[in-house]
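Peer 1: Here you go, one structure.
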Amino acid sequence: MKRPETRWRLGALAAFVALAVAALGAGAGQSALGGASQSGVLISGTTDSITNIDPAGNYDFGSFSLGVNVFERLYEARNNAQVRPNLATRCVPRGSTRTWRCTLRRGVTFHDGSAFDSADVKFSFDRVLNAQVIKQAAANTPSSLLSNLRSVRTNGRYAVTFNLKAPQSTWPYILATGAGGIVPSDTYKGNALQANNQPQIGTGPYRLTRYTPGQQAVFERFDDYWGTRARNEGLILRYYSRSSTMKLGLERGEIDMAFQTFTPTELNSLDRNRNVRVFQGPGAVIRYLVLNVEREPFDNIAVRRALAYLIPRQAIASRVYNRTVKPLYSMPPAGLPGHIDAFAARYGRAPNLAAARRELQRAGISMPLSIELWWTPTHYGDATADEYAEMKRGLERGGVFRVTLRSAEWAQYSSVLGNQYNAFQLGWFPDYPDTENYILSFYQPGNFTENGYANPRMTRLINQELAATSTARRLAIIRQIQRLAAADAPIIPYWQGNMIAVARRNVSGVPSTLDAAFIMRYWKISKS
């Protein structure tokens, strides 16, 4: 058995957590329920929600934003669309990019006091792919990110080998995703998720001491952290059901900052407030409409193309979001290497009523064609209702479509997707800052949207991209993929947005974490 002392340390951790909670209740935790703490504890608000904290069941942005403070990965995403070693010191291909050997950082300690080594790495990757864990995590499994992983082998205490099913030059990017979060092998179960009310143990800059669903998560700075210590004394994430309430809390000084998600009107108001600052960084968050190509009427490519001609990107960006987002014409956002405006090239930048009507007429389809669009009310922010009202208005222009809007809250919505919905809204935050991340998860057979899309030519292109040995070759294939994706139109992207955070004047360091990786690195932020 690995590290027999760890069970004792878990008991010590439980005692520590109880003491920390009591201390926070008398100080920083108390201030989280009232005014912002005058200590160095940073209090941040969010309208995100939590599903599973455990990285093996964590594939939504709210859960990841909590977990990234606790769990680390072998590689980490950087702000220049690159990744660098983190818990690994290096990973290199062995012979071909089908096999990768990683050497591990020594002297790393888990929050329970035990030592990090290769057994933890193998265990962590194996459990993400465990059938029982996948079933328990349901729509929140990150297992699709590891679909190319065949096996993990330990090579002594401080090295591991990843054997892949097919060559993949971008494997270090996958190691930087949430699917690569490392947990201790002798405290987590290999066939079940760690419940949110159980200890969550990682190697990150903070130790999670308390999580109260729908209210707050309390973190203590981990002073035995192997890297640079957090610039604040601790962190509290407060969860709001309405952005208007979060805005009021920020204005009153009850929280120090907020990330995710204000409405455009609220951002404009905050931008005029002398007590706070609005920060924006490069945009890599996108919104898109998924079409089930196996269900009527979207099994007909003419219907999908008619929709692509009419999507009101400009109206949504200007009327709903006051230009805090911009129209998007391909799944990979503009600014990432290899992006092309594939949908603009094929369908134009503005809605084209005549072309949409022509598509349906050639297919012998009567107009107006009745369709249903599904959207989720709160998960993507309070502006989503206006977004889909504008979507309906644009698609009904000229009598081409008759649109019925239907909605469901995220818990129900995310559990059915393509199994029940013919056309539905989704958003995407990057797992890693590379164009590939906006392709692999969407255009392979059996992709997570469950929209039934499978094109053998697309599959061949994806396999060629994964195996490409030069950047130039890889980006050339990515451009081909985008053109084919626009022609087939199983998914229609329509906007991309910046990373936006708002903070009070005594908070510093926010711009250092606003980048294309879209990770709020709270440990880089301080307050005076």
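Going through the structure tokens in order, the chains are called A, B, and so on, while each chain numbers its residues from 1 and the ligands are numbered from 1 in the order shown.
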Write down as number ranges by chain the residues of segment 301-514 of chain A whose backbone DSSP state falls under strand (DSSP E).
Peer 2: A: 325-327, 369-375, 401-407, 423-428, 491-504, 507-508
Peer 1: Could you tell me how far atom CA of Asn292 of chain A lies from atom CA of Pro445 of chain A, in Å and to one decimal?
Peer 2: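 Value for the atom CA of Asn292 of chain A-atom CA of Pro445 of chain A distance: 12.5 Å.
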Peer 1: Counting only C-alpha atoms, which residues of segment 229-276 of chain A fall within 12 Å of segment 40-56 of chain A, and what is the closest atom pair for each with its distance in Å at one decimal, ordered by chain and rising number, as a tab-separated table?
Peer 2:
residue	atom	partner	partner_atom	distance
A:Ala230	CA	A:Val41	CA	10.5
A:Arg231	CA	A:Gly40	CA	8.7
A:Asn232	CA	A:Gly40	CA	5.4
A:Glu233	CA	A:Val41	CA	4.9
A:Gly234	CA	A:Val41	CA	4.5
A:Leu235	CA	A:Leu42	CA	4.8
A:Ile236	CA	A:Ile43	CA	4.7
A:Leu237	CA	A:Ser44	CA	5.0
A:Arg238	CA	A:Gly45	CA	4.7
A:Tyr239	CA	A:Thr46	CA	5.3
A:Tyr240	CA	A:Thr47	CA	4.8
A:Ser241	CA	A:Thr47	CA	5.8
A:Arg242	CA	A:Thr47	CA	6.6
A:Ser243	CA	A:Thr47	CA	6.3
A:Ser244	CA	A:Thr47	CA	9.9
A:Thr245	CA	A:Thr47	CA	9.7
A:Met246	CA	A:Gly45	CA	6.4
A:Lys247	CA	A:Gly45	CA	8.9
A:Leu248	CA	A:Gly45	CA	10.8
A:Gly249	CA	A:Gly45	CA	8.4
A:Leu250	CA	A:Gly45	CA	8.1
A:Glu251	CA	A:Gly45	CA	11.8
A:Gly253	CA	A:Ile43	CA	9.9
A:Glu254	CA	A:Ile43	CA	8.3
A:Ile255	CA	A:Ile43	CA	5.2
A:Asp256	CA	A:Ile43	CA	5.3
A:Met257	CA	A:Ser44	CA	4.8
A:Ala258	CA	A:Gly45	CA	4.4
A:Phe259	CA	A:Thr46	CA	5.5
A:Gln260	CA	A:Thr46	CA	5.2
A:Thr261	CA	A:Thr47	CA	5.9
A:Phe262	CA	A:Thr47	CA	8.4
A:Thr263	CA	A:Thr47	CA	11.1
Peer 1: So, with only C-alpha atoms as the atoms that count, which of A:Arg272, A:Gln482, A:Leu66, A:Asn451 lies closest to Gln216 of chain A?
Peer 2: A:Leu66
Peer 1: I'd like the neighbourhood of Gly57 of chain A as a ChimeraX atom specification, where a residue qualifies if any of its atoms comes within 7 Å (using only C-alpha atoms), though same-chain residues fewer than 6 positions away should be ignored.
Peer 2: /A:137,140-142,193
Peer 1: Find the residues near segment 366-376 of chain A: any atom within 9 Å, counting only C-alpha atoms, skip ones fewer than 6 places away on the same chain, and give them as a PyMOL selection string.
Peer 2: chain A and resi 289+297+303+357+360+384-385+388+392+396+398-410+413+421-426
Peer 1: Please provide the set of residues having any atom within 9 Å of Thr212 of chain A, restricted to only C-alpha atoms, with same-chain residues fewer than 5 positions apart removed, written as a ChimeraX atom specification.
Peer 2: /A:197,217-218
Peer 1: Find the residues around Ser512 of chain A up to 9 Å (only C-alpha atoms counted), leave out those fewer than 6 positions away in its own chain, and share them as number ranges by chain.
Peer 2: A: 521, 524-525
Peer 1: Compile the contact shell of segment 83-88 of chain A as a ChimeraX atom specification: residues with an atom at most 10 Å away, counting only C-alpha atoms, same-chain residues fewer than 6 positions apart removed.
Peer 2: /A:72-77,102-106,108,116-117,121,158-160,170,172-176,182,203,226-227,432-434,517
Peer 1: Now that the selection is made, can you save its residues with C-alpha atoms as a short mmCIF file (atom, residue, chain, number, x, y, z; two decimals), in the first residue's frame?
Peer 2:
data_model
loop_
_atom_site.label_atom_id
_atom_site.label_comp_id
_atom_site.auth_asym_id
_atom_site.auth_seq_id
_atom_site.Cartn_x
_atom_site.Cartn_y
_atom_site.Cartn_z
CA GLU A 72 -3.01 20.86 -10.46
CA ARG A 73 -2.04 19.16 -13.70
CA LEU A 74 1.19 17.94 -15.25
CA TYR A 75 1.13 20.94 -17.61
CA GLU A 76 -0.50 24.35 -17.28
CA ALA A 77 -1.94 26.69 -19.89
CA CYS A 102 6.92 12.48 -18.53
CA THR A 103 9.33 13.08 -15.68
CA LEU A 104 7.67 14.40 -12.53
CA ARG A 105 8.49 17.20 -10.14
CA ARG A 106 9.93 16.04 -6.82
CA VAL A 108 5.49 18.22 -4.14
CA PHE A 116 3.01 13.32 -4.86
CA ASP A 117 4.44 10.65 -7.18
CA VAL A 121 -0.69 10.33 -11.85
CA TYR A 158 8.96 10.01 -10.65
CA ALA A 159 8.17 9.13 -14.27
CA VAL A 160 5.14 7.96 -16.24
CA THR A 170 -0.63 18.09 -28.94
CA PRO A 172 0.91 18.12 -23.60
CA TYR A 173 -2.11 20.37 -24.20
CA ILE A 174 -4.40 17.55 -23.06
CA LEU A 175 -2.28 17.16 -19.92
CA ALA A 176 -3.07 20.82 -19.14
CA ILE A 182 -4.13 14.98 -9.98
CA THR A 203 -1.46 20.04 -4.66
CA TRP A 226 5.86 23.82 -3.97
CA GLY A 227 5.58 26.92 -6.16
CA TYR A 432 -6.56 24.56 -23.47
CA PRO A 433 -5.78 27.67 -25.55
CA ASP A 434 -5.39 26.05 -28.95
CA ALA A 517 -6.58 30.33 -21.35
#
Peer 1: If DSSP is run on the backbone, what residues of segment 262-392 of chain A are helix (DSSP H, G or I)? A reply as a ChimeraX atom specification would be ideal.
Peer 2: /A:264-271,301-310,313-320,342-347,353-362,384-392
Peer 1: Just the number, please: distance in Å from atom CA of Pro490 of chain A to atom CA of Phe61 of chain A, one decimal.
Peer 2: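 That distance, rounded to one decimal, is 23.4 Å.
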Peer 1: Using only C-alpha atoms, which of A:Asp223, A:Arg90, A:Pro327, A:Ala489 sits nearest Ile301 of chain A?
Peer 2: A:Ala489
Peer 1: Counting only C-alpha atoms, which of A:Asn455, A:Gln280, A:Thr324, A:Gln444 gets nearest to Asn268 of chain A?
Peer 2: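 Under the stated criterion, the closest residue is A:Thr324.
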Peer 1: Between A:Ile478, A:Val285, A:Ile201, A:Ile462, which residue has the minimum interatomic distance to Ala516 of chain A, considering only C-alpha atoms?
Peer 2: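 The shortest atom-to-atom distance to Ala516 of chain A comes from A:Val285.
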Peer 1: Select, from A:Ile316, A:Ala363, A:Val416, A:Ala356, the residue with the minimum atom-to-atom distance to Ala138 of chain A, counting only C-alpha atoms.
Peer 2: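 Among the listed residues, A:Val416 lies closest to Ala138 of chain A.
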Peer 1: Give the answer as one residue: which of A:Asn352, A:Gln314, A:Asn58, A:Phe222 has the shortest atom-to-atom distance to Gln194 of chain A, using only C-alpha atoms?
Peer 2: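 Closest candidate: A:Asn58.
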Peer 1: Record the distance separating atom CA of Pro511 of chain A and atom CA of Phe279 of chain A, expressed in Å with one decimal.
Peer 2: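 Going from atom CA of Pro511 of chain A over to atom CA of Phe279 of chain A covers 6.8 Å.
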